[in-house]
file entry.cif (mmCIF, C-alpha atoms)
data_model
#
loop_
_atom_site.group_PDB
_atom_site.id
_atom_site.type_symbol
_atom_site.label_atom_id
_atom_site.label_comp_id
_atom_site.auth_asym_id
_atom_site.auth_seq_id
_atom_site.Cartn_x
_atom_site.Cartn_y
_atom_site.Cartn_z
ATOM 1 C CA MET C 234 178.958 -126.978 92.498
ATOM 2 C CA ARG C 235 178.822 -130.149 94.531
ATOM 3 C CA LYS C 236 177.713 -133.156 92.476
ATOM 4 C CA LEU C 237 175.280 -135.707 93.902
ATOM 5 C CA ILE C 238 174.100 -138.973 92.347
ATOM 6 C CA LEU C 239 170.926 -139.954 94.171
ATOM 7 C CA LYS C 240 169.939 -143.611 93.990
ATOM 8 C CA ASN C 241 166.645 -145.288 94.806
ATOM 9 C CA HIS C 242 165.441 -148.727 93.709
ATOM 10 C CA GLN C 243 162.132 -148.715 95.530
ATOM 11 C CA CYS C 244 158.685 -148.688 93.927
ATOM 12 C CA PRO C 245 157.498 -145.730 91.789
ATOM 13 C CA GLY C 246 155.488 -144.202 94.642
ATOM 14 C CA ASP C 247 158.583 -143.942 96.822
ATOM 15 C CA VAL C 248 160.608 -142.481 93.965
ATOM 16 C CA LEU C 249 157.927 -139.893 93.293
ATOM 17 C CA ALA C 250 157.872 -138.897 96.974
ATOM 18 C CA MET C 251 161.648 -138.491 96.781
ATOM 19 C CA THR C 252 161.257 -135.722 94.177
ATOM 20 C CA ALA C 253 160.164 -133.358 96.956
ATOM 21 C CA ALA C 254 163.537 -133.783 98.662
ATOM 22 C CA VAL C 255 165.415 -132.992 95.444
ATOM 23 C CA GLU C 256 163.220 -129.954 94.838
ATOM 24 C CA SER C 257 163.740 -128.765 98.417
ATOM 25 C CA LEU C 258 167.513 -129.118 98.075
ATOM 26 C CA HIS C 259 167.610 -126.807 95.067
ATOM 27 C CA LEU C 260 165.166 -124.323 96.569
ATOM 28 C CA THR C 261 167.268 -124.134 99.736
ATOM 29 C CA TYR C 262 170.712 -124.071 98.128
ATOM 30 C CA PRO C 263 170.261 -122.669 94.615
ATOM 31 C CA SER C 264 173.297 -123.062 92.331
ATOM 32 C CA GLU C 265 175.189 -125.067 94.967
ATOM 33 C CA TYR C 266 174.367 -128.596 93.790
ATOM 34 C CA GLN C 267 174.162 -130.650 90.642
ATOM 35 C CA THR C 268 171.931 -133.692 91.056
ATOM 36 C CA ASP C 269 171.477 -136.781 88.942
ATOM 37 C CA CYS C 270 169.113 -139.618 89.812
ATOM 38 C CA ARG C 271 169.481 -143.370 89.335
ATOM 39 C CA THR C 272 166.108 -144.827 90.225
ATOM 40 C CA THR C 273 163.394 -147.172 89.138
ATOM 41 C CA ALA C 274 160.618 -145.452 87.165
ATOM 42 C CA TRP C 275 163.167 -143.146 85.519
ATOM 43 C CA GLU C 276 160.317 -141.492 83.569
ATOM 44 C CA ILE C 277 159.426 -139.591 86.738
ATOM 45 C CA TRP C 278 162.536 -137.445 86.221
ATOM 46 C CA GLN C 279 161.948 -136.572 82.562
ATOM 47 C CA HIS C 280 162.001 -132.806 81.907
ATOM 48 C CA ASN C 281 162.950 -132.144 85.534
ATOM 49 C CA PRO C 282 165.261 -129.086 85.533
ATOM 50 C CA ARG C 283 166.799 -130.224 88.834
ATOM 51 C CA VAL C 284 168.377 -133.265 87.159
ATOM 52 C CA THR C 285 171.723 -132.983 85.331
ATOM 53 C CA SER C 286 173.563 -135.896 83.773
ATOM 54 C CA ILE C 287 176.580 -136.917 85.869
ATOM 55 C CA CYS C 288 178.879 -139.800 84.938
ATOM 56 C CA SER C 289 178.866 -142.646 87.434
ATOM 57 C CA ASP C 290 182.678 -142.618 87.566
ATOM 58 C CA ASP C 291 182.960 -138.862 88.064
ATOM 59 C CA PRO C 292 185.514 -138.522 90.901
ATOM 60 C CA ASP C 293 183.856 -135.319 92.090
ATOM 61 C CA ALA C 294 180.414 -136.937 92.481
ATOM 62 C CA THR C 295 179.038 -138.312 95.733
ATOM 63 C CA ALA C 296 176.608 -141.227 95.468
ATOM 64 C CA ILE C 297 173.775 -141.359 98.013
ATOM 65 C CA THR C 298 171.283 -144.191 98.324
ATOM 66 C CA MET C 299 168.100 -142.395 99.310
ATOM 67 C CA GLU C 300 166.221 -143.784 102.316
ATOM 68 C CA TYR C 301 163.682 -142.566 104.871
ATOM 69 C CA PRO C 302 164.647 -143.975 108.289
ATOM 70 C CA ALA C 303 162.246 -141.504 109.940
ATOM 71 C CA ILE C 304 159.476 -143.937 108.969
ATOM 72 C CA HIS C 305 160.197 -145.572 112.318
ATOM 73 C CA ARG C 306 159.102 -142.348 114.060
ATOM 74 C CA CYS C 307 156.028 -141.537 111.997
ATOM 75 C CA ASN C 308 153.596 -143.265 114.371
ATOM 76 C CA SER C 309 154.660 -140.976 117.189
ATOM 77 C CA GLU C 310 155.671 -137.778 115.362
ATOM 78 C CA PRO C 311 153.958 -135.603 112.704
ATOM 79 C CA MET C 312 156.254 -136.885 109.976
ATOM 80 C CA HIS C 313 155.308 -137.081 106.282
ATOM 81 C CA MET C 314 157.028 -139.380 103.823
ATOM 82 C CA ILE C 315 158.416 -136.495 101.762
ATOM 83 C CA GLU C 316 159.789 -134.916 104.949
ATOM 84 C CA ALA C 317 161.533 -138.176 105.821
ATOM 85 C CA PHE C 318 163.318 -138.242 102.460
ATOM 86 C CA THR C 319 164.308 -134.588 102.861
ATOM 87 C CA GLU C 320 165.579 -135.092 106.405
ATOM 88 C CA TYR C 321 167.740 -138.002 105.283
ATOM 89 C CA LEU C 322 169.195 -136.056 102.350
ATOM 90 C CA GLY C 323 170.112 -133.203 104.692
ATOM 91 C CA GLN C 324 171.878 -135.646 106.990
ATOM 92 C CA GLN C 325 173.848 -137.081 104.076
ATOM 93 C CA ILE C 326 175.063 -133.703 102.795
ATOM 94 C CA GLY C 327 175.720 -132.448 106.334
ATOM 95 C CA LYS C 328 173.674 -129.274 105.951
ATOM 96 C CA PRO C 329 170.308 -128.088 107.309
ATOM 97 C CA LEU C 330 167.516 -129.104 104.957
ATOM 98 C CA THR C 331 163.753 -128.952 105.452
ATOM 99 C CA THR C 332 160.945 -129.657 103.030
ATOM 100 C CA LYS C 333 159.953 -126.546 101.083
ATOM 101 C CA ILE C 334 156.910 -127.954 99.262
ATOM 102 C CA ASN C 335 153.891 -130.005 100.305
ATOM 103 C CA ARG C 336 153.726 -132.469 97.420
ATOM 104 C CA PRO C 337 155.883 -134.454 94.985
ATOM 105 C CA VAL C 338 157.008 -132.857 91.727
ATOM 106 C CA VAL C 339 156.687 -133.944 88.108
ATOM 107 C CA TYR C 340 157.346 -131.833 85.040
ATOM 108 C CA LEU C 341 155.579 -132.060 81.687
ATOM 109 C CA SER C 342 156.978 -130.526 78.538
ATOM 110 C CA ASP C 343 154.885 -128.094 76.499
ATOM 111 C CA GLU C 344 154.740 -130.744 73.773
ATOM 112 C CA GLU C 345 153.302 -133.336 76.163
ATOM 113 C CA ARG C 346 150.660 -130.912 77.390
ATOM 114 C CA GLY C 347 149.492 -130.505 73.816
ATOM 115 C CA TRP C 348 149.093 -134.218 73.094
ATOM 116 C CA VAL C 349 145.653 -135.842 72.907
ATOM 117 C CA ASN C 350 145.026 -137.765 76.121
ATOM 118 C CA GLN C 351 144.827 -141.551 76.105
ATOM 119 C CA VAL C 352 141.125 -141.691 76.961
ATOM 120 C CA ARG C 353 140.203 -139.408 74.101
ATOM 121 C CA ASP C 354 142.459 -141.335 71.740
ATOM 122 C CA THR C 355 141.310 -144.828 72.777
ATOM 123 C CA PHE C 356 137.652 -144.604 73.752
ATOM 124 C CA THR C 357 135.838 -141.448 72.674
ATOM 125 C CA GLY C 358 136.800 -141.012 69.034
ATOM 126 C CA GLY C 359 138.551 -137.738 69.722
ATOM 127 C CA ARG C 360 135.872 -136.260 71.949
ATOM 128 C CA GLU C 361 137.099 -134.542 75.129
ATOM 129 C CA ILE C 362 135.326 -135.776 78.290
ATOM 130 C CA PRO C 363 136.050 -135.420 82.012
ATOM 131 C CA PHE C 364 137.138 -138.608 83.748
ATOM 132 C CA TRP C 365 138.468 -139.967 87.031
ATOM 133 C CA LEU C 366 141.111 -142.641 87.521
ATOM 134 C CA VAL C 367 140.524 -145.683 89.722
ATOM 135 C CA ASN C 368 143.235 -148.048 90.936
ATOM 136 C CA ALA C 369 141.221 -150.910 92.396
ATOM 137 C CA GLY C 370 144.097 -153.320 92.874
ATOM 138 C CA SER C 371 147.185 -153.977 94.935
ATOM 139 C CA LYS C 372 150.684 -155.354 94.650
ATOM 140 C CA SER C 373 151.409 -158.936 95.668
ATOM 141 C CA ASP C 374 153.810 -157.819 98.406
ATOM 142 C CA PHE C 375 151.212 -155.655 100.203
ATOM 143 C CA PRO C 376 147.720 -157.148 99.762
ATOM 144 C CA ALA C 377 146.799 -155.661 103.156
ATOM 145 C CA LYS C 378 146.310 -152.351 101.295
ATOM 146 C CA GLN C 379 143.401 -153.779 99.277
ATOM 147 C CA TRP C 380 139.946 -152.222 99.674
ATOM 148 C CA PRO C 381 137.216 -154.802 98.879
ATOM 149 C CA VAL C 382 136.682 -155.269 95.149
ATOM 150 C CA GLU C 383 132.930 -155.365 95.720
ATOM 151 C CA TYR C 384 133.109 -151.902 97.272
ATOM 152 C CA TYR C 385 134.937 -150.467 94.267
ATOM 153 C CA GLN C 386 132.264 -151.914 91.992
ATOM 154 C CA GLU C 387 129.483 -150.400 94.086
ATOM 155 C CA VAL C 388 131.138 -146.982 93.927
ATOM 156 C CA VAL C 389 131.393 -147.254 90.135
ATOM 157 C CA ASP C 390 127.754 -148.366 89.872
ATOM 158 C CA GLN C 391 126.373 -145.704 92.197
ATOM 159 C CA THR C 392 128.272 -142.845 90.540
ATOM 160 C CA HIS C 393 127.190 -143.766 87.018
ATOM 161 C CA GLY C 394 126.222 -140.557 85.264
ATOM 162 C CA LEU C 395 128.258 -138.465 87.691
ATOM 163 C CA ILE C 396 131.767 -139.783 87.007
ATOM 164 C CA GLN C 397 133.314 -141.533 84.022
ATOM 165 C CA TRP C 398 135.761 -143.998 85.533
ATOM 166 C CA VAL C 399 138.995 -145.077 83.869
ATOM 167 C CA GLN C 400 140.646 -148.081 85.525
ATOM 168 C CA VAL C 401 144.445 -148.134 85.605
ATOM 169 C CA GLY C 402 147.137 -150.370 87.000
ATOM 170 C CA ALA C 403 150.219 -152.355 86.069
ATOM 171 C CA SER C 404 149.587 -155.724 84.435
ATOM 172 C CA GLU C 405 151.999 -157.483 86.802
ATOM 173 C CA HIS C 406 149.885 -156.557 89.834
ATOM 174 C CA TYR C 407 146.427 -157.690 90.936
ATOM 175 C CA HIS C 408 143.743 -155.571 89.271
ATOM 176 C CA PRO C 409 140.185 -156.975 89.242
ATOM 177 C CA GLU C 410 138.180 -156.211 86.121
ATOM 178 C CA LEU C 411 135.518 -153.667 87.037
ATOM 179 C CA ARG C 412 132.277 -153.303 85.106
ATOM 180 C CA GLY C 413 131.172 -149.964 83.687
ATOM 181 C CA VAL C 414 134.663 -148.473 83.348
ATOM 182 C CA MET C 415 137.056 -147.673 80.548
ATOM 183 C CA SER C 416 139.961 -150.019 81.189
ATOM 184 C CA LEU C 417 143.576 -149.031 80.639
ATOM 185 C CA VAL C 418 144.939 -151.694 82.980
ATOM 186 C CA GLY C 419 148.308 -152.770 81.646
ATOM 187 C CA LYS C 420 148.164 -150.139 78.907
ATOM 188 C CA THR C 421 150.076 -147.257 80.483
ATOM 189 C CA ASP C 422 153.770 -147.036 81.123
ATOM 190 C CA THR C 423 154.958 -144.675 83.843
ATOM 191 C CA ARG C 424 155.120 -141.605 81.625
ATOM 192 C CA GLN C 425 151.723 -142.329 80.062
ATOM 193 C CA LEU C 426 150.181 -142.597 83.516
ATOM 194 C CA ILE C 427 151.798 -139.301 84.522
ATOM 195 C CA ARG C 428 150.173 -137.603 81.524
ATOM 196 C CA LEU C 429 146.859 -139.388 82.035
ATOM 197 C CA ALA C 430 146.698 -138.226 85.658
ATOM 198 C CA TRP C 431 147.411 -134.661 84.525
ATOM 199 C CA HIS C 432 144.322 -134.797 82.270
ATOM 200 C CA ALA C 433 142.125 -136.523 84.890
ATOM 201 C CA SER C 434 139.698 -134.695 87.167
ATOM 202 C CA GLY C 435 140.601 -136.845 90.151
ATOM 203 C CA GLY C 436 141.453 -140.318 91.375
ATOM 204 C CA ILE C 437 140.599 -142.998 93.896
ATOM 205 C CA GLY C 438 142.501 -145.951 95.290
ATOM 206 C CA GLY C 439 144.731 -147.088 98.087
ATOM 207 C CA ILE C 440 148.122 -145.905 99.290
ATOM 208 C CA THR C 441 149.913 -146.238 95.988
ATOM 209 C CA PHE C 442 151.739 -144.485 93.153
ATOM 210 C CA LEU C 443 148.520 -142.888 91.906
ATOM 211 C CA MET C 444 148.061 -141.190 95.290
ATOM 212 C CA HIS C 445 151.422 -139.421 95.029
ATOM 213 C CA LEU C 446 150.861 -138.651 91.346
ATOM 214 C CA MET C 447 147.514 -136.930 91.864
ATOM 215 C CA ALA C 448 149.130 -134.851 94.621
ATOM 216 C CA ALA C 449 151.915 -133.836 92.249
ATOM 217 C CA HIS C 450 149.289 -132.597 89.774
ATOM 218 C CA LYS C 451 147.264 -130.885 92.537
ATOM 219 C CA LYS C 452 144.242 -133.064 91.785
ATOM 220 C CA PRO C 453 141.741 -134.513 94.297
ATOM 221 C CA TYR C 454 142.296 -138.092 95.396
ATOM 222 C CA VAL C 455 140.176 -140.281 97.653
ATOM 223 C CA CYS C 456 142.642 -142.437 99.570
ATOM 224 C CA LEU C 457 141.317 -145.658 101.117
ATOM 225 C CA ALA C 458 143.842 -145.982 103.897
ATOM 226 C CA GLY C 459 142.261 -148.042 106.678
ATOM 227 C CA GLY C 460 144.560 -148.414 109.668
ATOM 228 C CA ARG C 461 147.765 -149.569 108.014
ATOM 229 C CA GLU C 462 149.699 -146.298 107.736
ATOM 230 C CA PRO C 463 149.661 -143.094 109.809
ATOM 231 C CA VAL C 464 147.501 -140.332 108.355
ATOM 232 C CA GLN C 465 150.301 -137.799 108.744
ATOM 233 C CA TRP C 466 152.667 -140.034 106.758
ATOM 234 C CA ILE C 467 150.492 -140.140 103.621
ATOM 235 C CA SER C 468 148.268 -137.032 103.524
ATOM 236 C CA TYR C 469 148.396 -134.315 100.860
ATOM 237 C CA PRO C 470 146.487 -130.999 100.644
ATOM 238 C CA GLN C 471 143.822 -132.068 98.103
ATOM 239 C CA GLN C 472 143.634 -135.654 99.310
ATOM 240 C CA HIS C 473 140.608 -137.035 101.133
ATOM 241 C CA THR C 474 142.068 -139.708 103.401
ATOM 242 C CA LEU C 475 139.515 -142.213 104.696
ATOM 243 C CA HIS C 476 141.117 -144.017 107.614
ATOM 244 C CA THR C 477 140.047 -146.100 110.598
ATOM 245 C CA ILE C 478 142.889 -145.464 113.041
ATOM 246 C CA GLY C 479 141.337 -145.342 116.495
ATOM 247 C CA GLY C 480 138.497 -147.635 115.442
ATOM 248 C CA LEU C 481 140.028 -151.037 116.172
ATOM 249 C CA SER C 482 142.246 -152.422 118.903
ATOM 250 C CA CYS C 483 144.961 -153.293 116.365
ATOM 251 C CA CYS C 484 145.245 -149.659 115.240
ATOM 252 C CA GLN C 485 143.828 -147.887 118.280
ATOM 253 C CA THR C 486 146.623 -145.384 118.765
ATOM 254 C CA SER C 487 148.932 -146.025 115.831
ATOM 255 C CA ALA C 488 149.034 -147.608 112.389
ATOM 256 C CA CYS C 489 149.791 -151.333 112.210
ATOM 257 C CA TRP C 490 152.009 -151.498 109.085
ATOM 258 C CA LYS C 491 150.944 -155.118 108.417
ATOM 259 C CA SER C 492 151.626 -156.479 104.922
ATOM 260 C CA VAL C 493 149.407 -159.507 104.240
ATOM 261 C CA ILE C 494 145.982 -160.841 105.200
ATOM 262 C CA VAL C 495 146.849 -164.544 105.278
ATOM 263 C CA PRO C 496 150.273 -165.905 106.311
ATOM 264 C CA HIS C 497 152.833 -165.718 103.519
ATOM 265 C CA GLU C 498 156.595 -166.220 103.838
ATOM 266 C CA ASN C 499 157.880 -163.996 106.667
ATOM 267 C CA LYS C 500 155.559 -161.051 106.103
ATOM 268 C CA SER C 501 153.589 -159.467 108.951
ATOM 269 C CA VAL C 502 149.986 -160.662 109.062
ATOM 270 C CA CYS C 503 146.806 -158.655 109.647
ATOM 271 C CA ASP C 504 145.293 -159.178 113.107
ATOM 272 C CA LYS C 505 141.676 -158.827 111.967
ATOM 273 C CA PRO C 506 141.069 -160.389 108.544
ATOM 274 C CA VAL C 507 137.672 -160.464 106.855
ATOM 275 C CA PHE C 508 136.795 -163.418 104.643
ATOM 276 C CA GLY C 509 133.891 -164.166 102.316
ATOM 277 C CA MET C 510 134.593 -161.476 99.726
ATOM 278 C CA THR C 511 136.390 -161.743 96.390
ATOM 279 C CA ARG C 512 139.639 -161.570 98.334
ATOM 280 C CA PRO C 513 140.379 -161.584 102.060
ATOM 281 C CA VAL C 514 140.760 -157.994 103.281
ATOM 282 C CA ALA C 515 141.713 -156.196 106.466
ATOM 283 C CA ARG C 516 138.779 -155.251 108.688
ATOM 284 C CA CYS C 517 140.072 -151.680 108.945
ATOM 285 C CA LEU C 518 139.507 -151.310 105.198
ATOM 286 C CA ALA C 519 136.239 -153.254 105.121
ATOM 287 C CA MET C 520 134.919 -150.752 107.685
ATOM 288 C CA ILE C 521 135.128 -147.964 105.084
ATOM 289 C CA GLN C 522 131.768 -148.349 103.393
ATOM 290 C CA PRO C 523 131.018 -147.415 99.769
ATOM 291 C CA ARG C 524 128.400 -144.881 100.903
ATOM 292 C CA GLU C 525 131.085 -142.884 102.719
ATOM 293 C CA VAL C 526 133.233 -142.859 99.585
ATOM 294 C CA ILE C 527 130.310 -141.896 97.351
ATOM 295 C CA THR C 528 129.394 -139.004 99.644
ATOM 296 C CA THR C 529 132.992 -137.794 99.509
ATOM 297 C CA LEU C 530 133.005 -138.006 95.705
ATOM 298 C CA GLU C 531 129.690 -136.133 95.453
ATOM 299 C CA ARG C 532 131.060 -133.378 97.658
ATOM 300 C CA ILE C 533 134.203 -133.063 95.538
ATOM 301 C CA CYS C 534 132.261 -133.014 92.256
ATOM 302 C CA ALA C 535 129.875 -130.380 93.610
ATOM 303 C CA SER C 536 132.833 -128.047 94.129
ATOM 304 C CA PHE C 537 133.876 -128.119 90.471
#
call {"tool": "encode", "arguments": {"input": "entry.cif", "output": "structure tokens"}}
result
Amino acid sequence: MRKLILKNHQCPGDVLAMTAAVESLHLTYPSEYQTDCRTTAWEIWQHNPRVTSICSDDPDATAITMEYPAIHRCNSEPMHMIEAFTEYLGQQIGKPLTTKINRPVVYLSDEERGWVNQVRDTFTGGREIPFWLVNAGSKSDFPAKQWPVEYYQEVVDQTHGLIQWVQVGASEHYHPELRGVMSLVGKTDTRQLIRLAWHASGGIGGITFLMHLMAAHKKPYVCLAGGREPVQWISYPQQHTLHTIGGLSCCQTSACWKSVIVPHENKSVCDKPVFGMTRPVARCLAMIQPREVITTLERICASF
């Protein structure tokens, strides 16, 4: 068996998308490869049967730094992020490889599935209730992904009695404190969030780790995408992607890929900022009104 050590030091969302490439490799060439992974968010790989420990100095192992150069074609071709990872891996091993699944992959042990979920343990005194996850924040390196905080609050307010919201997010990122939610911001490590998402009924937020995670669990997710990234690059089967590509001159025929709203270091700056809210936001995201999101949520909940 050929041994591969796959490396990736990108954010957890990228690492989770990469799991589809590893899964596709083993589905295409069963018993031909051993794979080990050296990545950030190592908890993503726990209990994954495709991962086998390989020593870094094993002379028979080939190290591959996983990338997705096809991102530069995704505005003009129907290319998804997980396909880009898979295409690159095929190029590196020199064999035909296409994506065999339509979502990322995470594995939970039987023991984990039997544990009491964090919401039940922290807030409800042991009572089991349905809940949705909301990631209302953004990372400091990509504030252009931020949907207006006021809009998140309106969605929470207007769905009171329909959805119990649980707010999540890493403490090192920007996460505004929402009213009327159960807050677990800064209280979940990667593995805890994986389990929490498995128990959740659905999720809402931007283009982030939670988006990929809900797809892995085959759960509905309302993605507030705006015009920053191509729809085909980020969409999953049970995802409701609210975008504005085609609605503004800056994203008329393709996504803009801008990073910040106001100038910062050498990052690309949004062409159409909107000021006067809690934080400056991109107009493409401000165009997605809370009523549209609420209608989408009501439609999803009606199908349960």
call {"tool": "residues_near_point", "arguments": {"input": "entry.cif", "point": "(153.7, -141.6, 90.2)", "cutoff": "12 Å", "atoms": "all atoms listed in the file", "output": "PDB file with C-alpha atoms, in the coordinates of the input"}}
result
ATOM      1  CA  CYS C 244     158.685-148.688  93.927  1.00  0.00           C
ATOM      2  CA  PRO C 245     157.498-145.730  91.789  1.00  0.00           C
ATOM      3  CA  GLY C 246     155.488-144.202  94.642  1.00  0.00           C
ATOM      4  CA  ASP C 247     158.583-143.942  96.822  1.00  0.00           C
ATOM      5  CA  VAL C 248     160.608-142.481  93.965  1.00  0.00           C
ATOM      6  CA  LEU C 249     157.927-139.893  93.293  1.00  0.00           C
ATOM      7  CA  ALA C 250     157.872-138.897  96.974  1.00  0.00           C
ATOM      8  CA  MET C 251     161.648-138.491  96.781  1.00  0.00           C
ATOM      9  CA  THR C 252     161.257-135.722  94.177  1.00  0.00           C
ATOM     10  CA  THR C 273     163.394-147.172  89.138  1.00  0.00           C
ATOM     11  CA  ALA C 274     160.618-145.452  87.165  1.00  0.00           C
ATOM     12  CA  TRP C 275     163.167-143.146  85.519  1.00  0.00           C
ATOM     13  CA  GLU C 276     160.317-141.492  83.569  1.00  0.00           C
ATOM     14  CA  ILE C 277     159.426-139.591  86.738  1.00  0.00           C
ATOM     15  CA  TRP C 278     162.536-137.445  86.221  1.00  0.00           C
ATOM     16  CA  ARG C 336     153.726-132.469  97.420  1.00  0.00           C
ATOM     17  CA  PRO C 337     155.883-134.454  94.985  1.00  0.00           C
ATOM     18  CA  VAL C 338     157.008-132.857  91.727  1.00  0.00           C
ATOM     19  CA  VAL C 339     156.687-133.944  88.108  1.00  0.00           C
ATOM     20  CA  TYR C 340     157.346-131.833  85.040  1.00  0.00           C
ATOM     21  CA  GLY C 402     147.137-150.370  87.000  1.00  0.00           C
ATOM     22  CA  THR C 421     150.076-147.257  80.483  1.00  0.00           C
ATOM     23  CA  ASP C 422     153.770-147.036  81.123  1.00  0.00           C
ATOM     24  CA  THR C 423     154.958-144.675  83.843  1.00  0.00           C
ATOM     25  CA  ARG C 424     155.120-141.605  81.625  1.00  0.00           C
ATOM     26  CA  GLN C 425     151.723-142.329  80.062  1.00  0.00           C
ATOM     27  CA  LEU C 426     150.181-142.597  83.516  1.00  0.00           C
ATOM     28  CA  ILE C 427     151.798-139.301  84.522  1.00  0.00           C
ATOM     29  CA  ARG C 428     150.173-137.603  81.524  1.00  0.00           C
ATOM     30  CA  LEU C 429     146.859-139.388  82.035  1.00  0.00           C
ATOM     31  CA  ALA C 430     146.698-138.226  85.658  1.00  0.00           C
ATOM     32  CA  TRP C 431     147.411-134.661  84.525  1.00  0.00           C
ATOM     33  CA  ILE C 440     148.122-145.905  99.290  1.00  0.00           C
ATOM     34  CA  THR C 441     149.913-146.238  95.988  1.00  0.00           C
ATOM     35  CA  PHE C 442     151.739-144.485  93.153  1.00  0.00           C
ATOM     36  CA  LEU C 443     148.520-142.888  91.906  1.00  0.00           C
ATOM     37  CA  MET C 444     148.061-141.190  95.290  1.00  0.00           C
ATOM     38  CA  HIS C 445     151.422-139.421  95.029  1.00  0.00           C
ATOM     39  CA  LEU C 446     150.861-138.651  91.346  1.00  0.00           C
ATOM     40  CA  MET C 447     147.514-136.930  91.864  1.00  0.00           C
ATOM     41  CA  ALA C 448     149.130-134.851  94.621  1.00  0.00           C
ATOM     42  CA  ALA C 449     151.915-133.836  92.249  1.00  0.00           C
ATOM     43  CA  HIS C 450     149.289-132.597  89.774  1.00  0.00           C
TER      44      HIS C 450
END
call {"tool": "atom_distance", "arguments": {"input": "entry.cif", "atom1": "CA of Ala458 (chain C)", "atom2": "CA of Thr474 (chain C)"}}
result
6.5 Å
call {"tool": "closest_residue", "arguments": {"input": "entry.cif", "among": "C:Tyr407, C:Phe356, C:Trp365, C:Trp466", "to": "Val389 (chain C)", "atoms": "all atoms listed in the file"}}
result
C:Trp365
call {"tool": "resolve_selection", "arguments": {"input": "entry.cif", "expression": "the PyMOL selection byres ((chain C and resi 480-483) around 12)", "output": "PyMOL selection string"}}
result
chain C and resi 459-461+476-479+484-491+502-506+515-521
call {"tool": "axis_aligned_box", "arguments": {"input": "entry.cif", "around": "region 478-484 of chain C", "padding_each_side": "3 Å", "output": "JSON"}}
result
{"center_x": 141.9, "center_y": -149.3, "center_z": 116.0, "size_x": 12.7, "size_y": 14.0, "size_z": 11.9}
call {"tool": "closest_residue", "arguments": {"input": "entry.cif", "among": "C:Gln379, C:Thr331, C:Gln279, C:Gln391", "to": "Ile315 (chain C)", "atoms": "all atoms listed in the file"}}
result
C:Thr331
call {"tool": "atom_distance", "arguments": {"input": "entry.cif", "atom1": "CA of Glu531 (chain C)", "atom2": "CA of Glu361 (chain C)"}}
result
21.7 Å
call {"tool": "resolve_selection", "arguments": {"input": "entry.cif", "expression": "the PyMOL selection byres ((chain C and resi 495) around 12)", "output": "VMD selection string"}}
result
chain C and resid 374 to 377 491 to 494 496 to 508 512 to 515
call {"tool": "closest_residue", "arguments": {"input": "entry.cif", "among": "C:Ala433, C:Ile362, C:Val367, C:Ala253", "to": "Leu457 (chain C)", "atoms": "only C-alpha atoms"}}
result
C:Val367
call {"tool": "closest_residue", "arguments": {"input": "entry.cif", "among": "C:Gln325, C:Met314, C:Thr357, C:Thr332", "to": "Ala254 (chain C)", "atoms": "all atoms listed in the file"}}
result
C:Thr332
call {"tool": "resolve_selection", "arguments": {"input": "entry.cif", "expression": "the PyMOL selection byres ((chain C and resi 369) around 9)", "output": "list in words"}}
result
Val367, Asn368, Gly370, Ser371, Gln379, Trp380, Pro381, Val382, Tyr385, Gln400, Val401, Gly402, Tyr407, His408, Pro409, Glu410, Leu411, Ile437, Gly438 and Gly439 of chain C
call {"tool": "atom_distance", "arguments": {"input": "entry.cif", "atom1": "CA of Ile287 (chain C)", "atom2": "CA of Gly323 (chain C)"}}
result
20.2 Å
call {"tool": "closest_residue", "arguments": {"input": "entry.cif", "among": "C:Arg306, C:Lys236, C:Lys452, C:His406", "to": "Val284 (chain C)", "atoms": "all atoms listed in the file"}}
result
C:Lys236
call {"tool": "closest_residue", "arguments": {"input": "entry.cif", "among": "C:Ser257, C:Trp348, C:Thr392, C:Lys372", "to": "Phe318 (chain C)", "atoms": "all atoms listed in the file"}}
result
C:Ser257
call {"tool": "decode", "arguments": {"input": "entry.cif", "residues": "region 477-485 of chain C", "atoms": "N, CA and C atoms", "output": "PDB file, in the first residue's frame"}}
result
ATOM      1  N   THR C 477     -26.412  37.139  -3.673  1.00  0.00           N
ATOM      2  CA  THR C 477     -26.820  38.319  -4.438  1.00  0.00           C
ATOM      3  C   THR C 477     -25.979  38.486  -5.705  1.00  0.00           C
ATOM      4  N   ILE C 478     -25.336  37.421  -6.151  1.00  0.00           N
ATOM      5  CA  ILE C 478     -24.568  37.503  -7.390  1.00  0.00           C
ATOM      6  C   ILE C 478     -25.527  37.806  -8.545  1.00  0.00           C
ATOM      7  N   GLY C 479     -25.173  38.793  -9.332  1.00  0.00           N
ATOM      8  CA  GLY C 479     -26.054  39.262 -10.400  1.00  0.00           C
ATOM      9  C   GLY C 479     -26.849  40.485 -10.003  1.00  0.00           C
ATOM     10  N   GLY C 480     -26.793  40.847  -8.706  1.00  0.00           N
ATOM     11  CA  GLY C 480     -27.594  41.968  -8.222  1.00  0.00           C
ATOM     12  C   GLY C 480     -26.860  43.279  -8.098  1.00  0.00           C
ATOM     13  N   LEU C 481     -25.542  43.254  -8.193  1.00  0.00           N
ATOM     14  CA  LEU C 481     -24.737  44.471  -8.080  1.00  0.00           C
ATOM     15  C   LEU C 481     -23.656  44.465  -9.161  1.00  0.00           C
ATOM     16  N   SER C 482     -23.187  45.633  -9.513  1.00  0.00           N
ATOM     17  CA  SER C 482     -22.165  45.712 -10.558  1.00  0.00           C
ATOM     18  C   SER C 482     -20.863  45.034 -10.138  1.00  0.00           C
ATOM     19  N   CYS C 483     -20.569  45.023  -8.833  1.00  0.00           N
ATOM     20  CA  CYS C 483     -19.316  44.441  -8.360  1.00  0.00           C
ATOM     21  C   CYS C 483     -19.349  42.918  -8.342  1.00  0.00           C
ATOM     22  N   CYS C 484     -20.529  42.330  -8.435  1.00  0.00           N
ATOM     23  CA  CYS C 484     -20.638  40.864  -8.506  1.00  0.00           C
ATOM     24  C   CYS C 484     -21.695  40.495  -9.544  1.00  0.00           C
ATOM     25  N   GLN C 485     -21.699  41.208 -10.649  1.00  0.00           N
ATOM     26  CA  GLN C 485     -22.719  41.031 -11.673  1.00  0.00           C
ATOM     27  C   GLN C 485     -22.652  39.669 -12.342  1.00  0.00           C
TER      28      GLN C 485
END
